[in-house]
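Structure file run-v4.tsv (TSV, C-alpha atoms) follows.
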chain	number	residue	atom	x	y	z
M	16	MET	CA	17.13	24.68	-32.97
M	17	ALA	CA	15.08	27.32	-31.14
M	18	PHE	CA	12.21	26.12	-28.95
M	19	ARG	CA	8.93	27.65	-30.10
M	20	ILE	CA	5.48	27.60	-28.63
M	21	LYS	CA	2.66	27.97	-31.11
M	22	LYS	CA	0.22	30.81	-30.47
M	23	SER	CA	-2.70	28.38	-30.75
M	24	ASN	CA	-1.24	26.36	-27.84
M	25	ILE	CA	-1.11	29.47	-25.66
M	26	TRP	CA	-4.69	30.41	-26.56
M	27	ILE	CA	-6.01	26.94	-25.77
M	28	PHE	CA	-4.21	26.92	-22.42
M	29	CYS	CA	-5.71	30.34	-21.60
M	30	PHE	CA	-9.17	29.09	-22.57
M	31	ALA	CA	-8.72	26.07	-20.28
M	32	VAL	CA	-7.53	28.18	-17.32
M	33	LEU	CA	-10.51	30.52	-17.64
M	34	MET	CA	-13.05	27.67	-17.88
M	35	ILE	CA	-13.46	27.58	-14.10
M	36	ARG	CA	-13.44	30.75	-12.01
M	37	PRO	CA	-11.81	30.07	-8.60
M	38	TYR	CA	-13.73	31.51	-5.69
M	39	TYR	CA	-10.58	33.20	-4.42
M	40	VAL	CA	-10.69	35.32	-7.59
M	41	THR	CA	-14.12	36.67	-6.65
M	42	LEU	CA	-12.84	37.91	-3.29
M	43	ASN	CA	-11.02	40.77	-5.00
M	44	THR	CA	-13.23	43.12	-7.04
M	45	GLN	CA	-10.51	44.25	-9.47
M	46	ILE	CA	-9.16	40.75	-10.14
M	47	ASN	CA	-12.69	39.39	-10.51
M	48	MET	CA	-13.54	42.12	-13.05
M	49	VAL	CA	-10.40	41.40	-15.11
M	50	TRP	CA	-11.19	37.67	-15.00
M	51	ALA	CA	-14.77	38.33	-16.11
M	52	TYR	CA	-13.67	40.44	-19.09
M	53	CYS	CA	-11.06	37.87	-20.14
M	54	THR	CA	-13.62	35.07	-19.86
M	55	PHE	CA	-16.11	37.05	-21.94
M	56	VAL	CA	-13.51	37.66	-24.67
M	57	CYS	CA	-12.51	33.99	-24.71
M	58	ALA	CA	-16.15	32.90	-24.79
M	59	VAL	CA	-16.74	35.15	-27.82
M	60	ILE	CA	-13.59	33.87	-29.58
M	61	THR	CA	-14.47	30.21	-29.03
M	62	SER	CA	-18.05	30.88	-30.13
M	63	PHE	CA	-16.79	32.33	-33.42
M	64	ILE	CA	-14.52	29.29	-33.89
M	65	VAL	CA	-17.42	26.92	-33.26
M	66	LEU	CA	-19.91	28.84	-35.43
M	67	ASN	CA	-17.38	29.00	-38.24
M	68	ASN	CA	-17.35	25.18	-38.40
M	69	LYS	CA	-20.50	23.73	-40.00
M	70	LYS	CA	-19.94	20.43	-38.21
M	71	LEU	CA	-19.94	22.10	-34.79
M	72	ARG	CA	-22.49	24.86	-35.33
M	73	SER	CA	-25.55	22.81	-34.39
M	74	GLU	CA	-23.90	21.68	-31.14
M	75	VAL	CA	-24.13	25.13	-29.53
M	76	THR	CA	-27.70	25.96	-30.50
M	77	ILE	CA	-29.14	24.65	-27.25
M	78	ILE	CA	-26.77	26.55	-24.95
M	79	ALA	CA	-27.46	29.70	-26.97
M	80	PHE	CA	-31.19	29.19	-26.42
M	81	PHE	CA	-30.74	28.47	-22.70
M	82	SER	CA	-28.49	31.51	-22.24
M	83	THR	CA	-31.00	33.72	-24.08
M	84	ILE	CA	-33.77	32.64	-21.70
M	85	TYR	CA	-31.59	33.48	-18.69
M	86	LEU	CA	-30.53	36.85	-20.10
M	87	LEU	CA	-34.07	37.79	-21.16
M	88	ALA	CA	-35.37	36.88	-17.68
M	89	THR	CA	-32.72	39.12	-16.11
M	90	ILE	CA	-33.55	42.04	-18.43
M	91	ILE	CA	-37.24	41.79	-17.50
M	92	GLN	CA	-36.96	40.94	-13.79
M	93	ASN	CA	-33.73	42.63	-12.72
M	94	PRO	CA	-32.40	45.00	-15.43
M	95	GLY	CA	-29.70	46.37	-13.12
M	96	SER	CA	-27.95	42.97	-13.12
M	97	VAL	CA	-27.63	42.47	-16.88
M	98	MET	CA	-23.82	42.73	-16.84
M	99	SER	CA	-23.62	40.14	-14.04
M	100	ALA	CA	-25.88	37.86	-16.07
M	101	VAL	CA	-23.68	38.28	-19.16
M	102	SER	CA	-20.61	37.43	-17.07
M	103	SER	CA	-22.32	34.31	-15.70
M	104	ILE	CA	-23.34	33.23	-19.20
M	105	ALA	CA	-19.78	33.70	-20.49
M	106	GLN	CA	-18.54	31.51	-17.63
M	107	ILE	CA	-20.62	28.55	-18.90
M	108	VAL	CA	-20.32	29.22	-22.65
M	109	LEU	CA	-16.51	29.04	-22.58
M	110	PRO	CA	-16.23	25.57	-20.96
M	111	TYR	CA	-19.08	24.26	-23.11
M	112	ASN	CA	-17.37	25.49	-26.27
M	113	MET	CA	-14.13	23.84	-25.13
M	114	GLY	CA	-15.97	20.55	-24.85
M	115	VAL	CA	-17.63	20.98	-28.24
M	116	LEU	CA	-14.27	21.73	-29.89
M	117	LEU	CA	-13.12	18.21	-28.97
M	118	ILE	CA	-15.13	17.05	-31.97
M	119	ASN	CA	-12.51	18.78	-34.12
M	120	HIS	CA	-10.02	15.98	-34.76
M	121	ALA	CA	-7.08	18.29	-35.53
M	122	LYS	CA	-7.15	20.10	-32.17
M	123	ARG	CA	-8.43	17.24	-30.02
M	124	PRO	CA	-5.07	16.05	-28.57
M	125	LEU	CA	-4.07	19.59	-27.62
M	126	LEU	CA	-7.48	20.32	-26.09
M	127	GLU	CA	-7.46	17.07	-24.13
M	128	LYS	CA	-3.97	17.76	-22.81
M	129	ASN	CA	-4.80	21.28	-21.62
M	130	ILE	CA	-8.23	20.46	-20.19
M	131	SER	CA	-6.80	17.53	-18.22
M	132	LEU	CA	-3.85	19.62	-17.02
M	133	VAL	CA	-5.96	22.52	-15.80
M	134	CYS	CA	-8.45	20.19	-14.09
M	135	SER	CA	-5.55	18.55	-12.22
M	136	LEU	CA	-4.03	21.90	-11.25
M	137	TYR	CA	-7.28	23.28	-9.87
M	138	ILE	CA	-8.05	20.11	-7.89
M	139	TYR	CA	-4.59	20.03	-6.29
M	140	ILE	CA	-4.52	23.77	-5.58
M	141	ASP	CA	-7.92	23.48	-3.90
M	142	ALA	CA	-6.69	20.56	-1.78
M	143	PHE	CA	-3.49	22.43	-0.89
M	144	CYS	CA	-5.48	25.46	0.28
M	145	THR	CA	-7.85	23.20	2.23
M	146	PHE	CA	-5.24	21.17	4.08
M	147	LEU	CA	-3.11	24.22	4.94
M	148	HIS	CA	-6.17	26.24	6.03
M	149	VAL	CA	-5.22	29.11	3.72
M	150	SER	CA	-8.71	30.63	4.02
M	151	GLU	CA	-8.44	30.89	7.80
M	152	LYS	CA	-4.78	31.76	8.25
M	153	VAL	CA	-4.18	34.02	5.23
M	154	LEU	CA	-7.54	35.33	4.02
M	155	HIS	CA	-9.31	35.29	7.43
M	156	GLN	CA	-12.28	33.48	5.93
M	157	PRO	CA	-14.25	30.45	7.25
M	158	MET	CA	-12.56	27.03	7.01
M	159	GLU	CA	-15.29	25.78	4.64
M	160	LEU	CA	-14.12	28.24	1.99
M	161	THR	CA	-11.46	26.76	-0.30
M	162	PHE	CA	-9.76	27.85	-3.52
M	163	LEU	CA	-12.82	26.87	-5.57
M	164	GLY	CA	-15.55	27.92	-3.14
M	165	TYR	CA	-17.62	26.94	-0.10
M	166	ASP	CA	-18.03	23.16	0.48
M	167	ASN	CA	-20.78	22.15	-2.01
M	168	TYR	CA	-20.01	25.03	-4.39
M	169	ALA	CA	-16.42	23.81	-4.73
M	170	ALA	CA	-17.50	20.17	-4.74
M	171	PHE	CA	-19.56	20.57	-7.91
M	172	ASN	CA	-16.59	21.85	-9.89
M	173	ILE	CA	-14.22	19.31	-8.32
M	174	LEU	CA	-16.45	16.34	-9.17
M	175	ALA	CA	-16.94	17.52	-12.77
M	176	MET	CA	-13.23	18.22	-13.33
M	177	MET	CA	-12.21	14.91	-11.78
M	178	VAL	CA	-14.57	12.94	-14.05
M	179	VAL	CA	-13.45	14.80	-17.19
M	180	LYS	CA	-9.79	14.25	-16.27
M	181	PHE	CA	-10.36	10.53	-15.65
M	182	ALA	CA	-12.19	10.04	-18.96
M	183	ILE	CA	-9.48	11.84	-20.96
M	184	ASP	CA	-6.70	9.91	-19.21
M	185	GLU	CA	-8.47	6.57	-19.70
M	186	ARG	CA	-9.09	7.34	-23.35
M	187	ASN	CA	-5.42	8.09	-23.94
M	188	HIS	CA	-3.96	5.28	-21.79
M	189	ALA	CA	-5.56	2.19	-23.32
M	190	GLY	CA	-8.66	2.39	-21.15
M	191	LYS	CA	-6.78	2.50	-17.84
M	192	LEU	CA	-6.48	5.11	-15.14
M	193	THR	CA	-2.99	6.25	-14.17
M	194	ASN	CA	-1.54	6.15	-10.64
M	195	GLU	CA	-1.88	9.92	-10.56
M	196	ASP	CA	-5.62	9.56	-11.24
M	197	TYR	CA	-6.01	7.37	-8.14
M	198	LEU	CA	-4.07	9.95	-6.14
M	199	CYS	CA	-6.34	12.66	-7.52
M	200	TYR	CA	-9.42	10.71	-6.40
M	201	LEU	CA	-8.07	10.30	-2.87
M	202	VAL	CA	-7.24	14.01	-2.72
M	203	CYS	CA	-10.79	14.90	-3.84
M	204	CYS	CA	-12.33	12.64	-1.17
M	205	ALA	CA	-10.03	13.94	1.57
M	206	GLY	CA	-10.77	17.55	0.67
M	207	GLN	CA	-14.54	17.04	0.83
M	208	LEU	CA	-14.27	15.18	4.15
M	209	VAL	CA	-12.30	18.08	5.63
M	210	THR	CA	-14.86	20.68	4.51
M	211	GLY	CA	-17.77	18.48	5.59
M	212	SER	CA	-19.60	18.28	2.27
M	213	VAL	CA	-21.72	15.17	2.91
M	214	ALA	CA	-23.48	15.15	-0.47
M	215	ALA	CA	-20.14	15.47	-2.28
M	216	CYS	CA	-18.61	12.60	-0.29
M	217	ILE	CA	-21.59	10.36	-1.09
M	218	SER	CA	-21.34	11.27	-4.79
M	219	LEU	CA	-17.58	10.57	-4.90
M	220	PHE	CA	-17.96	7.21	-3.17
M	221	ALA	CA	-20.95	6.33	-5.36
M	222	PHE	CA	-18.89	7.20	-8.45
M	223	ALA	CA	-16.10	4.79	-7.45
M	224	PHE	CA	-18.55	2.02	-6.51
M	225	ILE	CA	-20.65	2.26	-9.68
M	226	LYS	CA	-17.53	2.48	-11.84
M	227	PHE	CA	-16.17	-0.70	-10.24
M	228	VAL	CA	-19.47	-2.57	-10.61
M	229	SER	CA	-19.93	-1.38	-14.22
M	230	GLN	CA	-16.76	-3.20	-15.27
M	231	HIS	CA	-18.63	-6.46	-14.72
M	232	TYR	CA	-22.24	-5.37	-15.28
M	233	LYS	CA	-22.23	-2.98	-18.24
M	234	ARG	CA	-26.02	-3.17	-18.58
M	235	LEU	CA	-26.27	-1.30	-15.30
M	236	ILE	CA	-25.08	1.89	-17.02
M	237	ARG	CA	-28.05	1.87	-19.43
M	238	GLY	CA	-30.16	2.94	-16.49
M	239	LEU	CA	-27.94	5.99	-16.03
M	240	ARG	CA	-29.28	7.93	-18.99
M	241	PRO	CA	-29.23	11.54	-17.73
M	242	ILE	CA	-32.91	12.10	-18.47
M	243	LYS	CA	-33.81	8.91	-16.53
M	244	VAL	CA	-31.74	10.18	-13.62
M	245	VAL	CA	-33.74	13.45	-13.65
M	246	VAL	CA	-37.00	11.46	-13.52
M	247	LEU	CA	-35.63	9.46	-10.58
M	248	LEU	CA	-34.63	12.71	-8.85
M	249	ILE	CA	-38.18	14.03	-9.20
M	250	ALA	CA	-39.49	10.78	-7.65
M	251	LEU	CA	-36.87	11.09	-4.89
M	252	PHE	CA	-37.92	14.68	-4.23
M	253	ILE	CA	-41.55	13.61	-3.82
M	254	ALA	CA	-40.50	10.81	-1.45
M	255	VAL	CA	-38.17	13.02	0.60
M	256	TYR	CA	-40.33	16.13	0.77
M	257	TYR	CA	-43.93	14.95	0.67
M	258	PHE	CA	-43.55	11.54	2.35
M	259	LYS	CA	-40.73	12.79	4.62
M	260	ILE	CA	-38.67	9.60	4.40
M	261	TYR	CA	-35.66	11.53	5.70
M	262	LYS	CA	-37.23	11.38	9.17
M	263	LEU	CA	-36.38	7.67	9.26
M	264	PHE	CA	-32.74	8.75	9.48
M	265	SER	CA	-33.29	11.63	11.89
M	266	ALA	CA	-30.91	10.21	14.51
M	267	ILE	CA	-28.10	9.94	11.95
M	268	LEU	CA	-28.84	13.42	10.62
M	269	LEU	CA	-28.68	14.87	14.10
M	270	GLU	CA	-25.32	13.18	14.67
M	271	LEU	CA	-24.05	14.77	11.46
M	272	GLY	CA	-25.34	18.14	12.61
M	273	LYS	CA	-27.82	18.37	9.73
M	274	GLY	CA	-30.92	18.55	11.91
M	275	SER	CA	-34.36	17.12	11.24
M	276	ASP	CA	-34.93	19.46	8.26
M	277	LEU	CA	-31.91	18.39	6.16
M	278	ASN	CA	-29.94	21.49	7.13
M	279	SER	CA	-32.95	23.77	6.43
M	280	ARG	CA	-33.41	22.34	2.93
M	281	THR	CA	-37.00	21.21	3.49
M	282	ILE	CA	-37.83	24.70	4.81
M	283	ILE	CA	-36.31	26.32	1.69
M	284	TRP	CA	-38.08	23.83	-0.61
M	285	SER	CA	-41.38	24.57	1.12
M	286	LYS	CA	-41.02	28.32	0.58
M	287	VAL	CA	-40.05	27.91	-3.08
M	288	LEU	CA	-42.89	25.46	-3.78
M	289	HIS	CA	-45.37	27.78	-2.06
M	290	HIS	CA	-44.50	30.50	-4.60
M	291	ILE	CA	-43.88	28.20	-7.59
M	292	ALA	CA	-46.87	29.64	-9.47
M	293	ASP	CA	-45.42	33.16	-9.09
M	294	ILE	CA	-42.22	32.27	-10.96
M	295	PRO	CA	-42.34	33.68	-14.53
M	296	LEU	CA	-42.34	31.26	-17.48
M	297	ILE	CA	-38.74	32.25	-18.22
M	298	GLY	CA	-37.68	32.46	-14.58
M	299	LYS	CA	-36.09	35.26	-12.61
M	300	GLY	CA	-32.67	35.21	-14.27
M	301	TYR	CA	-29.82	36.69	-12.25
M	302	TYR	CA	-30.88	37.70	-8.75
M	303	SER	CA	-29.21	38.74	-5.50
M	304	VAL	CA	-29.55	36.92	-2.19
M	305	GLU	CA	-31.77	39.76	-0.94
M	306	ASP	CA	-34.05	39.43	-3.99
M	307	PHE	CA	-34.32	35.68	-3.41
M	308	ARG	CA	-35.27	36.04	0.26
M	309	LYS	CA	-37.75	38.82	-0.46
M	310	PHE	CA	-39.48	37.03	-3.37
M	311	PHE	CA	-39.97	33.80	-1.43
M	312	GLU	CA	-40.78	35.61	1.82
M	313	PHE	CA	-38.08	34.16	4.04
M	314	PRO	CA	-38.04	35.57	7.58
M	315	TYR	CA	-35.39	38.19	8.37
M	316	GLY	CA	-32.02	36.60	9.16
M	317	PHE	CA	-32.85	33.21	7.62
M	318	ASN	CA	-29.77	31.95	5.76
M	319	ALA	CA	-31.24	31.10	2.34
M	320	THR	CA	-29.32	32.01	-0.82
M	321	HIS	CA	-30.79	29.68	-3.48
M	322	PRO	CA	-33.30	26.77	-3.75
M	323	HIS	CA	-30.80	23.97	-2.93
M	324	ASN	CA	-32.25	21.54	-5.47
M	325	ILE	CA	-31.50	21.02	-9.17
M	326	ILE	CA	-35.12	21.11	-10.36
M	327	LEU	CA	-36.09	24.09	-8.21
M	328	CYS	CA	-32.90	26.01	-9.09
M	329	ILE	CA	-33.49	25.69	-12.82
M	330	LEU	CA	-37.16	26.62	-12.37
M	331	VAL	CA	-36.31	29.76	-10.40
M	332	ASP	CA	-33.45	30.83	-12.71
M	333	THR	CA	-34.96	30.03	-16.11
M	334	GLY	CA	-38.56	29.03	-15.45
M	335	LEU	CA	-40.52	26.14	-16.90
M	336	LEU	CA	-39.20	26.97	-20.38
M	337	GLY	CA	-35.61	26.67	-19.16
M	338	LEU	CA	-36.33	23.36	-17.41
M	339	ILE	CA	-37.75	21.92	-20.64
M	340	VAL	CA	-34.64	23.07	-22.55
M	341	TYR	CA	-32.41	21.58	-19.84
M	342	CYS	CA	-34.13	18.19	-20.07
M	343	ARG	CA	-33.87	18.28	-23.87
M	344	TRP	CA	-30.18	19.08	-23.45
M	345	LEU	CA	-29.62	15.95	-21.39
M	346	THR	CA	-31.21	13.78	-24.09
M	347	LYS	CA	-28.33	14.76	-26.41
M	348	VAL	CA	-26.06	12.43	-24.42
M	349	THR	CA	-25.44	9.25	-26.42
M	350	VAL	CA	-26.22	5.97	-24.64
M	351	ASN	CA	-26.02	2.89	-26.86
M	352	LYS	CA	-24.24	-0.44	-27.14
M	353	GLU	CA	-21.17	1.03	-28.83
M	354	VAL	CA	-20.41	3.71	-26.23
M	355	LEU	CA	-21.22	1.45	-23.29
M	356	SER	CA	-18.45	-0.89	-24.42
M	357	LEU	CA	-15.92	1.87	-23.74
M	358	GLY	CA	-14.76	2.20	-20.14
M	359	TRP	CA	-13.77	5.84	-20.46
M	360	TYR	CA	-17.22	6.78	-21.79
M	361	ARG	CA	-18.89	4.88	-18.96
M	362	THR	CA	-16.80	7.05	-16.64
M	363	LEU	CA	-18.46	10.15	-18.10
M	364	LEU	CA	-21.98	8.71	-17.79
M	365	ILE	CA	-21.40	7.64	-14.19
M	366	GLY	CA	-19.90	11.04	-13.35
M	367	LEU	CA	-22.83	12.85	-14.95
M	368	ALA	CA	-25.32	10.73	-12.99
M	369	CYS	CA	-23.45	11.37	-9.72
M	370	TYR	CA	-23.35	15.10	-10.47
M	371	LEU	CA	-27.12	15.16	-11.00
M	372	PHE	CA	-27.64	13.17	-7.79
M	373	GLN	CA	-25.48	15.65	-5.90
M	374	GLY	CA	-27.64	18.36	-7.45
M	375	PHE	CA	-30.65	16.95	-5.63
M	376	TRP	CA	-29.27	18.32	-2.33
M	377	ASP	CA	-27.73	21.50	-3.69
M	378	PHE	CA	-27.25	23.07	-7.11
M	379	TYR	CA	-26.02	26.16	-8.95
M	380	THR	CA	-27.53	26.52	-12.42
M	381	LEU	CA	-24.67	28.49	-13.97
M	382	LEU	CA	-21.66	26.75	-12.46
M	383	SER	CA	-18.94	26.00	-15.02
M	384	GLY	CA	-18.06	22.44	-14.06
M	385	PHE	CA	-21.32	20.89	-15.21
M	386	TYR	CA	-21.07	22.40	-18.69
M	387	ILE	CA	-17.57	21.12	-19.45
M	388	LEU	CA	-18.66	17.67	-18.21
M	389	LEU	CA	-21.85	17.73	-20.28
M	390	ALA	CA	-20.10	19.04	-23.42
M	391	VAL	CA	-17.29	16.47	-23.20
M	392	THR	CA	-19.83	13.66	-22.75
M	393	ILE	CA	-21.95	14.80	-25.71
M	394	SER	CA	-18.89	15.38	-27.93
M	395	TYR	CA	-17.23	12.04	-27.19
M	396	GLY	CA	-20.56	10.29	-27.71
M	397	LYS	CA	-20.85	11.82	-31.18
M	398	ILE	CA	-17.23	10.92	-32.02
M	399	VAL	CA	-17.87	7.27	-31.14
M	400	LYS	CA	-21.21	7.23	-32.94
M	401	TRP	CA	-19.72	8.68	-36.12
M	402	SER	CA	-16.86	6.17	-36.02
M	403	PHE	CA	-19.41	3.32	-36.22
M	404	ASP	CA	-21.51	4.92	-38.99

Any chance you could give the structure as C-alpha cells?
Amino acid sequence: MAFRIKKSNIWIFCFAVLMIRPYYVTLNTQINMVWAYCTFVCAVITSFIVLNNKKLRSEVTIIAFFSTIYLLATIIQNPGSVMSAVSSIAQIVLPYNMGVLLINHAKRPLLEKNISLVCSLYIYIDAFCTFLHVSEKVLHQPMELTFLGYDNYAAFNILAMMVVKFAIDERNHAGKLTNEDYLCYLVCCAGQLVTGSVAACISLFAFAFIKFVSQHYKRLIRGLRPIKVVVLLIALFIAVYYFKIYKLFSAILLELGKGSDLNSRTIIWSKVLHHIADIPLIGKGYYSVEDFRKFFEFPYGFNATHPHNIILCILVDTGLLGLIVYCRWLTKVTVNKEVLSLGWYRTLLIGLACYLFQGFWDFYTLLSGFYILLAVTISYGKIVKWSFD
C-alpha cells in the first residue's frame, strides 16, 4: 500500500513553521521577503478558514480590530512603512488563527501535533545555535544573537512556545509532562543563562515554581487572571519608577552589570512618559528606531529602540485605544472552577502570567509568540467551558 500524505497535513505543517519568524531569516533581505509573502498568504488562508466557520468567526474580531488600529496608525503617522506594518500584522494573525482553529474538533489533533513539533524544533535549534556560538563563528554577529533573536527578543518566543508545548503534551498524556518536556525546560533555562537574559531566567524559574505550588494550592491560580496581572504590573511600574524601589537592590544590579538605572530602562521610561500626551489616540503604528529616538527626543547615540515595558509599548504602538482593546482581549481568557481543575490549563495561565511579568522589563507588541499562547489559552478555555455546558 502506497504511503500518502494528505495535502491538509502539509498545509498545517507549513502554517505552523511560519508562525514564528526566526531572527536569522531577517538577516537576509531576499529570504526575509519570501518569508513575509508566504506568511501573508498563510495568514489570509487561515483567516478565510476561520471566517468561513460561524463558530470561530467571533473569535477573531478582536485581533482584526487591534490590527486595524495598528495599520491605521501607520498609514497616518508613517505612510512609507505600510507594507512593513502589513507584514508585522500577518506575523501575529497567522499564529492567532492557528490557536483559534484548535476549537475545530476535527483538526485539533493534527494542529496540536504540528504546533508542538514546531515549537520543539525552534527551541532546540535556538539552543543549538546558542551553545555552538553560530552567530559569532558563522554569521559574525554578537553572541547575544541566537536563531530566534537577541536575548529578550528570543526569550519571549521561547517562553511562549515552551508553555504551549507543555500544555499540549500534558493534555495528551493524561495530565503529565514527558521526559522530553523536562529536557526542553532545562534547555530553555540554559540558553537564557548563556545569553544573559535576566528577566527571561526569572520568568522561567517563576513558571516552574508556581506550577509546582499550584499542584497543591489551586486557588493560587485564581489570582493569575491576565487582567489582574496587568493591574499588578501597573502598580509595580509605579513602585519601581516613581518610588524607585529598585535602588534598594542597586548593589546586586551593579554586580549583574545592569547599573543603577535598570540597564537604561528608567531613562527610556522617563522620556516616553514625558511625551505620553503627544502620542496619538491610535498610537504611532510601525516606526523605525530613528523615528522612535527623534519623537521622544533621545540624545544622539543613546541606544533606545522601543519603550521596554508592556504598557508603554502598547501605548506607543496603538495608543490608548489599542491598550483598551488589549485589556479587553485578556478578559477573554477563561478562569473558573472547571478549568482550574485541569493541570494543563493551569500551565497556560501560569505561562501567560509569566509572559506578562517578563513584559514589564521588555516587550514587543507584535511578536508572534504571545499571540499563539493567548489564542491557545482562549480556545482551550472555551472547549472546556462548552464541555460543561

Exercise: range 33-45 of chain M partners within 10 Å, all atoms listed in the file, chain neighbours under 2 positions left out, as a ChimeraX atom specification: /M:27-31,47-51,53-55,57-58,105-113,130,133-134,137,141,150,154,160-165,168-169,172,176,382-384,386-387

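A straight line drawn from CA of Ser279 in chain M to CA of His323 in chain M is 9.6 Å long.
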
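Comparing the minimum interatomic distances between Met158 in chain M and each of M:Pro124, M:Gly190, M:Gly206, M:Gly114, counting all atoms listed in the file, we find that M:Gly206 sits nearest.
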
Nearby residues, (-35.1, 22.2, -6.7) file frame, 9 Å, all atoms listed in the file, as a list in words: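 Residues with an atom close enough to that point: Phe252, Trp284, Val287, Leu288, Pro322, His323, Asn324, Ile325, Ile326, Leu327, Cys328, Ile329, Leu330, Val331, Gly374, Phe375, Trp376, Asp377 and Phe378 of chain M.
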
All residues 8 Å or closer to range 237-247 of chain M, only C-alpha atoms, same chain fewer than 5 positions away omitted, as JSON, numbers by chain: {"M": [342, 345, 346, 348, 350, 351, 355, 364, 365, 367, 368, 371, 372]}

Atom pair CA of Phe63 in chain M / CA of Asn93 in chain M: separation (Å): 28.7 Å

Residues near Ala292 in chain M, cut-off 12 Å, all atoms listed in the file, skip fewer than 2 positions along chain, as a list in words: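 Once the nearby chain positions are removed, what remains is Lys286, Val287, Leu288, His289, His290, Ile294, Pro295, Leu296, Gly298, Phe311, Leu330, Val331, Gly334 and Leu335 of chain M.
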
Atomic distance CA of Phe181 in chain M - CA of Gly211 in chain M, expressed in Å with one decimal: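 A separation of 23.9 Å between them.
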
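Closest approach to Glu185 in chain M from the set M:Leu357, M:Leu251, M:Leu389, M:Leu71 is made by M:Leu357, with distances taken over only C-alpha atoms.
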
Contacts of Tyr85 in chain M at 8 Å (only C-alpha atoms; same-chain gap of 2+ positions) as number ranges by chain: M: 81-83, 87-89, 100, 297-301, 332-333, 337

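Taking only C-alpha atoms into account, Lys397 in chain M lies nearest to M:Tyr360 out of the set M:Tyr360, M:Cys369, M:Phe227, M:Gln92.
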
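Taking all atoms listed in the file, the non-local environment of Glu353 in chain M within 8 Å (same-chain residues fewer than 5 positions away omitted) comprises Val399, Lys400 and Phe403 of chain M.
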
Counting only C-alpha atoms, the residue of M:Lys152, M:His120, M:Lys128, M:Lys226 that sits nearest Lys180 in chain M: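 For Lys180 in chain M, the nearest of the candidates is M:Lys128.
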
Selected residue of minimal separation from Trp359 in chain M among M:Thr320, M:Gln207, M:Ser229, M:Ser99, counting all atoms listed in the file: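 Closest candidate: M:Ser229.
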
Among listed residues M:Asn187, M:Ser96, M:Gln230, M:Gln373, nearest Ser218 in chain M (using all atoms listed in the file):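 Nearest candidate to Ser218 in chain M out of M:Asn187, M:Ser96, M:Gln230, M:Gln373: M:Gln373.
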